[in-house]
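Student: First the structure, which I've put down as structure tokens, then a few questions once you've had a look.
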Amino acid sequence: MELDSLYQEVILDHYKRPFHKGLSGTPTKQVHHVNPSCGDEITLNIELDGDLIRDVNWDGVGCSISQASVSIMSELLIGKSVDDAFKVVEEFTELMQSKGSILGNEEVLEDAVAFAGVSKFPARIKCALLGWMAFKDAASQGLSQQVKGEK
């Protein structure tokens, strides 16, 4: 089986059977992001315990790329510190901006390397990054809230 076919399968599996889909719990922060170019939407909850990501759950509508990407991201980031999660987000962002010139670090990105081919299609990069940018926004706001002592 060719690598591109395997990656397409990974994306379709996450689209059909997404991880952590469904808003639940008592989030530290909830954000809603929309991709204006296609209409994909993600509402993402993050629960922090200090700088530890205790939970990420989400709901959304959109293409297989946006929905599978947030599924993979949520699975990948739960249990990490926010700093470590931001490093993963940075690695994924670099992959998406590579225009297909890099394959991504599988040790860091795990299933998210399946989106390497997406980086060749500028119109689809925003789809793949939608959930990741929502996470970055929620985590930054959540940490800021905690520092200020807000609920």
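Chains: A, B, ... in order of the structure tokens. Residues: from 1 per chain. Ligands: from 1, in order shown.
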Just want the 12 Å neighbourhood of Leu130 in chain A, counted on only C-alpha atoms, with same-chain residues fewer than 2 positions away dropped. Output as number ranges by chain.
Tutor: A: 31-44, 58, 60-63, 65-71, 73, 89, 92-93, 96, 124-128, 132-137
Student: Would you mind exporting N, CA and C atoms of the selected residues as a short mmCIF file (atom, residue, chain, number, x, y, z; two decimals), in the first residue's frame?
Tutor:
```
data_model
loop_
_atom_site.label_atom_id
_atom_site.label_comp_id
_atom_site.auth_asym_id
_atom_site.auth_seq_id
_atom_site.Cartn_x
_atom_site.Cartn_y
_atom_site.Cartn_z
N VAL A 31 -13.69 27.83 23.07
CA VAL A 31 -13.56 28.76 21.94
C VAL A 31 -14.32 28.20 20.75
N HIS A 32 -14.67 29.09 19.85
CA HIS A 32 -15.35 28.70 18.62
C HIS A 32 -14.59 29.35 17.47
N HIS A 33 -14.13 28.52 16.54
CA HIS A 33 -13.39 29.03 15.38
C HIS A 33 -14.10 28.60 14.10
N VAL A 34 -14.05 29.48 13.12
CA VAL A 34 -14.67 29.24 11.82
C VAL A 34 -13.64 29.51 10.74
N ASN A 35 -13.62 28.65 9.74
CA ASN A 35 -12.79 28.90 8.56
C ASN A 35 -13.67 29.65 7.57
N PRO A 36 -13.47 30.96 7.41
CA PRO A 36 -14.36 31.74 6.55
C PRO A 36 -14.30 31.36 5.08
N SER A 37 -13.22 30.73 4.67
CA SER A 37 -13.11 30.39 3.24
C SER A 37 -13.95 29.19 2.85
N CYS A 38 -14.34 28.35 3.84
CA CYS A 38 -15.14 27.17 3.47
C CYS A 38 -16.33 26.93 4.40
N GLY A 39 -16.34 27.59 5.56
CA GLY A 39 -17.45 27.43 6.49
C GLY A 39 -17.28 26.36 7.54
N ASP A 40 -16.13 25.65 7.56
CA ASP A 40 -15.89 24.65 8.61
C ASP A 40 -15.91 25.36 9.96
N GLU A 41 -16.46 24.67 10.98
CA GLU A 41 -16.56 25.24 12.32
C GLU A 41 -16.11 24.24 13.37
N ILE A 42 -15.46 24.75 14.40
CA ILE A 42 -15.03 23.94 15.54
C ILE A 42 -15.34 24.71 16.82
N THR A 43 -16.01 24.05 17.75
CA THR A 43 -16.12 24.55 19.11
C THR A 43 -15.26 23.61 19.94
N LEU A 44 -14.31 24.17 20.68
CA LEU A 44 -13.34 23.36 21.38
C LEU A 44 -13.30 23.74 22.86
N TRP A 58 -14.51 18.49 21.72
CA TRP A 58 -14.88 19.42 20.67
C TRP A 58 -16.14 18.96 19.96
N GLY A 60 -18.03 19.96 15.94
CA GLY A 60 -17.84 20.76 14.75
C GLY A 60 -18.50 20.17 13.53
N VAL A 61 -18.50 20.96 12.50
CA VAL A 61 -18.99 20.54 11.19
C VAL A 61 -17.97 20.98 10.16
N GLY A 62 -17.81 20.16 9.15
CA GLY A 62 -16.88 20.54 8.10
C GLY A 62 -16.38 19.34 7.33
N CYS A 63 -15.38 19.59 6.55
CA CYS A 63 -14.81 18.56 5.67
C CYS A 63 -14.05 17.51 6.49
N ILE A 65 -11.02 16.74 6.35
CA ILE A 65 -9.70 17.21 6.78
C ILE A 65 -9.80 17.97 8.10
N SER A 66 -10.71 18.90 8.21
CA SER A 66 -10.81 19.68 9.46
C SER A 66 -11.25 18.81 10.62
N GLN A 67 -12.19 17.93 10.38
CA GLN A 67 -12.73 17.10 11.47
C GLN A 67 -11.72 16.02 11.90
N ALA A 68 -11.05 15.41 10.96
CA ALA A 68 -10.04 14.40 11.30
C ALA A 68 -8.84 15.04 11.99
N SER A 69 -8.48 16.23 11.56
CA SER A 69 -7.33 16.91 12.13
C SER A 69 -7.55 17.23 13.61
N VAL A 70 -8.74 17.74 13.96
CA VAL A 70 -9.01 18.06 15.36
C VAL A 70 -9.14 16.78 16.19
N SER A 71 -9.60 15.70 15.60
CA SER A 71 -9.67 14.41 16.30
C SER A 71 -8.27 13.94 16.67
N MET A 73 -5.55 15.76 16.80
CA MET A 73 -4.94 16.74 17.70
C MET A 73 -5.39 16.51 19.14
N VAL A 89 2.01 21.76 18.35
CA VAL A 89 1.27 22.66 17.45
C VAL A 89 2.24 23.34 16.49
N PHE A 92 3.29 20.89 13.85
CA PHE A 92 2.22 20.66 12.88
C PHE A 92 2.07 21.86 11.95
N THR A 93 2.16 23.05 12.50
CA THR A 93 2.06 24.27 11.69
C THR A 93 3.19 24.32 10.66
N MET A 96 2.35 22.02 7.89
CA MET A 96 1.32 22.57 7.01
C MET A 96 1.85 23.68 6.12
N ARG A 124 -6.59 23.93 1.42
CA ARG A 124 -6.94 22.95 2.45
C ARG A 124 -6.13 23.11 3.74
N ILE A 125 -5.08 23.91 3.72
CA ILE A 125 -4.23 24.08 4.89
C ILE A 125 -5.03 24.67 6.05
N LYS A 126 -5.88 25.67 5.76
CA LYS A 126 -6.70 26.26 6.83
C LYS A 126 -7.64 25.23 7.43
N CYS A 127 -8.11 24.31 6.63
CA CYS A 127 -8.98 23.24 7.14
C CYS A 127 -8.22 22.40 8.16
N ALA A 128 -7.02 22.00 7.81
CA ALA A 128 -6.22 21.16 8.69
C ALA A 128 -5.81 21.89 9.96
N TRP A 132 -6.31 23.12 15.49
CA TRP A 132 -5.03 23.42 16.14
C TRP A 132 -4.97 24.87 16.59
N MET A 133 -5.48 25.77 15.75
CA MET A 133 -5.50 27.18 16.12
C MET A 133 -6.53 27.42 17.23
N ALA A 134 -7.63 26.69 17.20
CA ALA A 134 -8.62 26.79 18.28
C ALA A 134 -7.99 26.33 19.60
N PHE A 135 -7.23 25.24 19.55
CA PHE A 135 -6.55 24.76 20.75
C PHE A 135 -5.59 25.82 21.29
N LYS A 136 -4.78 26.37 20.40
CA LYS A 136 -3.78 27.37 20.81
C LYS A 136 -4.46 28.56 21.47
N ASP A 137 -5.56 29.00 20.89
CA ASP A 137 -6.34 30.10 21.43
C ASP A 137 -6.90 29.74 22.81
#
```
Student: Where does DSSP see alpha helix (DSSP H) in chain A, if you list the residues as number ranges by chain?
Tutor: A: 3-16, 64-77, 82-96, 106-109, 122-148
Student: Among range 9-73 of chain A, which residues does DSSP mark as strand (DSSP E or B) when it is run on the backbone? Keep the chain and numbering as in the structure and answer as a ChimeraX atom specification.
Tutor: /A:21,29-34,41-49,52-61
Student: Take the residues that were just selected and, keeping N, CA and C atoms, output them as a PDB file, in the first residue's frame.
Tutor:
```pdb
ATOM      1  N   LYS A  21     -14.948  13.755  20.344  1.00  0.00           N
ATOM      2  CA  LYS A  21     -15.994  14.609  19.773  1.00  0.00           C
ATOM      3  C   LYS A  21     -17.192  14.593  20.706  1.00  0.00           C
ATOM      4  N   LYS A  29     -11.705  26.668  29.407  1.00  0.00           N
ATOM      5  CA  LYS A  29     -11.987  27.639  28.347  1.00  0.00           C
ATOM      6  C   LYS A  29     -12.667  26.951  27.177  1.00  0.00           C
ATOM      7  N   GLN A  30     -13.600  27.655  26.562  1.00  0.00           N
ATOM      8  CA  GLN A  30     -14.240  27.178  25.337  1.00  0.00           C
ATOM      9  C   GLN A  30     -14.050  28.251  24.273  1.00  0.00           C
ATOM     10  N   VAL A  31     -13.691  27.828  23.066  1.00  0.00           N
ATOM     11  CA  VAL A  31     -13.560  28.757  21.944  1.00  0.00           C
ATOM     12  C   VAL A  31     -14.317  28.197  20.748  1.00  0.00           C
ATOM     13  N   HIS A  32     -14.671  29.088  19.853  1.00  0.00           N
ATOM     14  CA  HIS A  32     -15.350  28.705  18.619  1.00  0.00           C
ATOM     15  C   HIS A  32     -14.589  29.352  17.471  1.00  0.00           C
ATOM     16  N   HIS A  33     -14.129  28.524  16.540  1.00  0.00           N
ATOM     17  CA  HIS A  33     -13.386  29.030  15.380  1.00  0.00           C
ATOM     18  C   HIS A  33     -14.097  28.603  14.103  1.00  0.00           C
ATOM     19  N   VAL A  34     -14.046  29.483  13.125  1.00  0.00           N
ATOM     20  CA  VAL A  34     -14.671  29.242  11.823  1.00  0.00           C
ATOM     21  C   VAL A  34     -13.640  29.515  10.744  1.00  0.00           C
ATOM     22  N   GLU A  41     -16.459  24.666  10.976  1.00  0.00           N
ATOM     23  CA  GLU A  41     -16.557  25.244  12.321  1.00  0.00           C
ATOM     24  C   GLU A  41     -16.114  24.239  13.368  1.00  0.00           C
ATOM     25  N   ILE A  42     -15.463  24.749  14.400  1.00  0.00           N
ATOM     26  CA  ILE A  42     -15.032  23.935  15.541  1.00  0.00           C
ATOM     27  C   ILE A  42     -15.344  24.709  16.817  1.00  0.00           C
ATOM     28  N   THR A  43     -16.015  24.050  17.748  1.00  0.00           N
ATOM     29  CA  THR A  43     -16.124  24.548  19.114  1.00  0.00           C
ATOM     30  C   THR A  43     -15.259  23.608  19.941  1.00  0.00           C
ATOM     31  N   LEU A  44     -14.312  24.168  20.676  1.00  0.00           N
ATOM     32  CA  LEU A  44     -13.340  23.356  21.384  1.00  0.00           C
ATOM     33  C   LEU A  44     -13.303  23.735  22.862  1.00  0.00           C
ATOM     34  N   ASN A  45     -13.376  22.724  23.708  1.00  0.00           N
ATOM     35  CA  ASN A  45     -13.233  22.884  25.156  1.00  0.00           C
ATOM     36  C   ASN A  45     -11.866  22.377  25.566  1.00  0.00           C
ATOM     37  N   ILE A  46     -11.246  23.095  26.496  1.00  0.00           N
ATOM     38  CA  ILE A  46      -9.998  22.622  27.078  1.00  0.00           C
ATOM     39  C   ILE A  46     -10.136  22.702  28.598  1.00  0.00           C
ATOM     40  N   GLU A  47      -9.693  21.657  29.259  1.00  0.00           N
ATOM     41  CA  GLU A  47      -9.679  21.647  30.718  1.00  0.00           C
ATOM     42  C   GLU A  47      -8.230  21.563  31.161  1.00  0.00           C
ATOM     43  N   LEU A  48      -7.813  22.576  31.908  1.00  0.00           N
ATOM     44  CA  LEU A  48      -6.435  22.644  32.389  1.00  0.00           C
ATOM     45  C   LEU A  48      -6.399  22.396  33.893  1.00  0.00           C
ATOM     46  N   ASP A  49      -5.324  21.758  34.309  1.00  0.00           N
ATOM     47  CA  ASP A  49      -5.004  21.614  35.728  1.00  0.00           C
ATOM     48  C   ASP A  49      -3.612  22.203  35.873  1.00  0.00           C
ATOM     49  N   LEU A  52      -1.196  21.491  32.935  1.00  0.00           N
ATOM     50  CA  LEU A  52      -1.455  20.156  32.379  1.00  0.00           C
ATOM     51  C   LEU A  52      -2.796  20.142  31.658  1.00  0.00           C
ATOM     52  N   ILE A  53      -2.798  19.599  30.462  1.00  0.00           N
ATOM     53  CA  ILE A  53      -4.033  19.483  29.682  1.00  0.00           C
ATOM     54  C   ILE A  53      -4.753  18.212  30.124  1.00  0.00           C
ATOM     55  N   ARG A  54      -5.807  18.393  30.917  1.00  0.00           N
ATOM     56  CA  ARG A  54      -6.564  17.247  31.431  1.00  0.00           C
ATOM     57  C   ARG A  54      -7.548  16.712  30.399  1.00  0.00           C
ATOM     58  N   ASP A  55      -8.112  17.616  29.592  1.00  0.00           N
ATOM     59  CA  ASP A  55      -9.083  17.162  28.596  1.00  0.00           C
ATOM     60  C   ASP A  55      -9.171  18.166  27.460  1.00  0.00           C
ATOM     61  N   VAL A  56      -9.453  17.644  26.300  1.00  0.00           N
ATOM     62  CA  VAL A  56      -9.789  18.432  25.120  1.00  0.00           C
ATOM     63  C   VAL A  56     -10.971  17.713  24.492  1.00  0.00           C
ATOM     64  N   ASN A  57     -12.077  18.411  24.353  1.00  0.00           N
ATOM     65  CA  ASN A  57     -13.199  17.836  23.615  1.00  0.00           C
ATOM     66  C   ASN A  57     -13.759  18.914  22.709  1.00  0.00           C
ATOM     67  N   TRP A  58     -14.514  18.486  21.724  1.00  0.00           N
ATOM     68  CA  TRP A  58     -14.878  19.418  20.667  1.00  0.00           C
ATOM     69  C   TRP A  58     -16.142  18.962  19.962  1.00  0.00           C
ATOM     70  N   ASP A  59     -16.695  19.856  19.195  1.00  0.00           N
ATOM     71  CA  ASP A  59     -17.768  19.527  18.278  1.00  0.00           C
ATOM     72  C   ASP A  59     -17.579  20.421  17.067  1.00  0.00           C
ATOM     73  N   GLY A  60     -18.032  19.958  15.943  1.00  0.00           N
ATOM     74  CA  GLY A  60     -17.841  20.761  14.753  1.00  0.00           C
ATOM     75  C   GLY A  60     -18.503  20.173  13.534  1.00  0.00           C
ATOM     76  N   VAL A  61     -18.497  20.964  12.499  1.00  0.00           N
ATOM     77  CA  VAL A  61     -18.986  20.544  11.194  1.00  0.00           C
ATOM     78  C   VAL A  61     -17.967  20.984  10.161  1.00  0.00           C
TER      79      VAL A  61
END
```
Student: Could you jot down the CA of Ser74 in chain A to CA of Gly149 in chain A separation for me, Å, one decimal place?
Tutor: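 Value for the CA of Ser74 in chain A-CA of Gly149 in chain A distance: 25.5 Å.
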Student: How far is it from CA of Gly100 in chain A to CA of Gly79 in chain A, in Å with one decimal?
Tutor: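 Atom-to-atom, CA of Gly100 in chain A to CA of Gly79 in chain A, that is 29.5 Å.
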Student: Using only C-alpha atoms, which of A:Val108, A:Leu95, A:His20, A:Gln8 sits nearest Ser64 in chain A?
Tutor: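 Residue with the minimum atom-to-atom distance to Ser64 in chain A: A:Gln8.
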Student: Could you check which of A:Gln145, A:Ala138, A:Ser5, A:Gln97 is closest to Pro122 in chain A, using only C-alpha atoms?
Tutor: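 For Pro122 in chain A, the nearest of the candidates is A:Gln97.
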Student: What's the separation between CA of Val118 in chain A and CA of Val88 in chain A, in Å to one decimal place?
Tutor: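 Here the two named atoms are 17.5 Å from each other.
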Student: Excluding Asp111 in chain A and any residue of its chain fewer than 6 positions from it, enumerate the residues within 10 Å of it, using only C-alpha atoms, and give them as a JSON list (two decimals) with N, CA and C atoms, in the first residue's frame.
Tutor:
```
[["chain", "number", "residue", "atom", "x", "y", "z"],
["A", 7, "TYR", "N", -2.20, 7.29, 4.44],
["A", 7, "TYR", "CA", -2.52, 8.56, 5.08],
["A", 7, "TYR", "C", -3.98, 8.95, 4.85],
["A", 10, "VAL", "N", -6.04, 6.96, 7.24],
["A", 10, "VAL", "CA", -5.96, 7.49, 8.60],
["A", 10, "VAL", "C", -6.91, 8.67, 8.74],
["A", 11, "ILE", "N", -6.90, 9.57, 7.79],
["A", 11, "ILE", "CA", -7.78, 10.75, 7.82],
["A", 11, "ILE", "C", -9.24, 10.32, 7.79],
["A", 14, "HIS", "N", -10.37, 8.78, 11.15],
["A", 14, "HIS", "CA", -10.62, 9.80, 12.19],
["A", 14, "HIS", "C", -11.88, 10.61, 11.88],
["A", 69, "SER", "N", -8.48, 16.23, 11.56],
["A", 69, "SER", "CA", -7.33, 16.91, 12.13],
["A", 69, "SER", "C", -7.55, 17.23, 13.61],
["A", 72, "ILE", "N", -7.36, 13.97, 15.71],
["A", 72, "ILE", "CA", -5.98, 13.55, 15.95],
["A", 72, "ILE", "C", -5.31, 14.48, 16.96],
["A", 73, "MET", "N", -5.55, 15.76, 16.80],
["A", 73, "MET", "CA", -4.94, 16.74, 17.70],
["A", 73, "MET", "C", -5.39, 16.51, 19.14],
["A", 75, "GLU", "N", -6.47, 13.84, 20.64],
["A", 75, "GLU", "CA", -5.87, 12.62, 21.18],
["A", 75, "GLU", "C", -4.39, 12.82, 21.51],
["A", 76, "LEU", "N", -3.73, 13.58, 20.68],
["A", 76, "LEU", "CA", -2.29, 13.80, 20.81],
["A", 76, "LEU", "C", -1.92, 14.70, 21.99]]
```
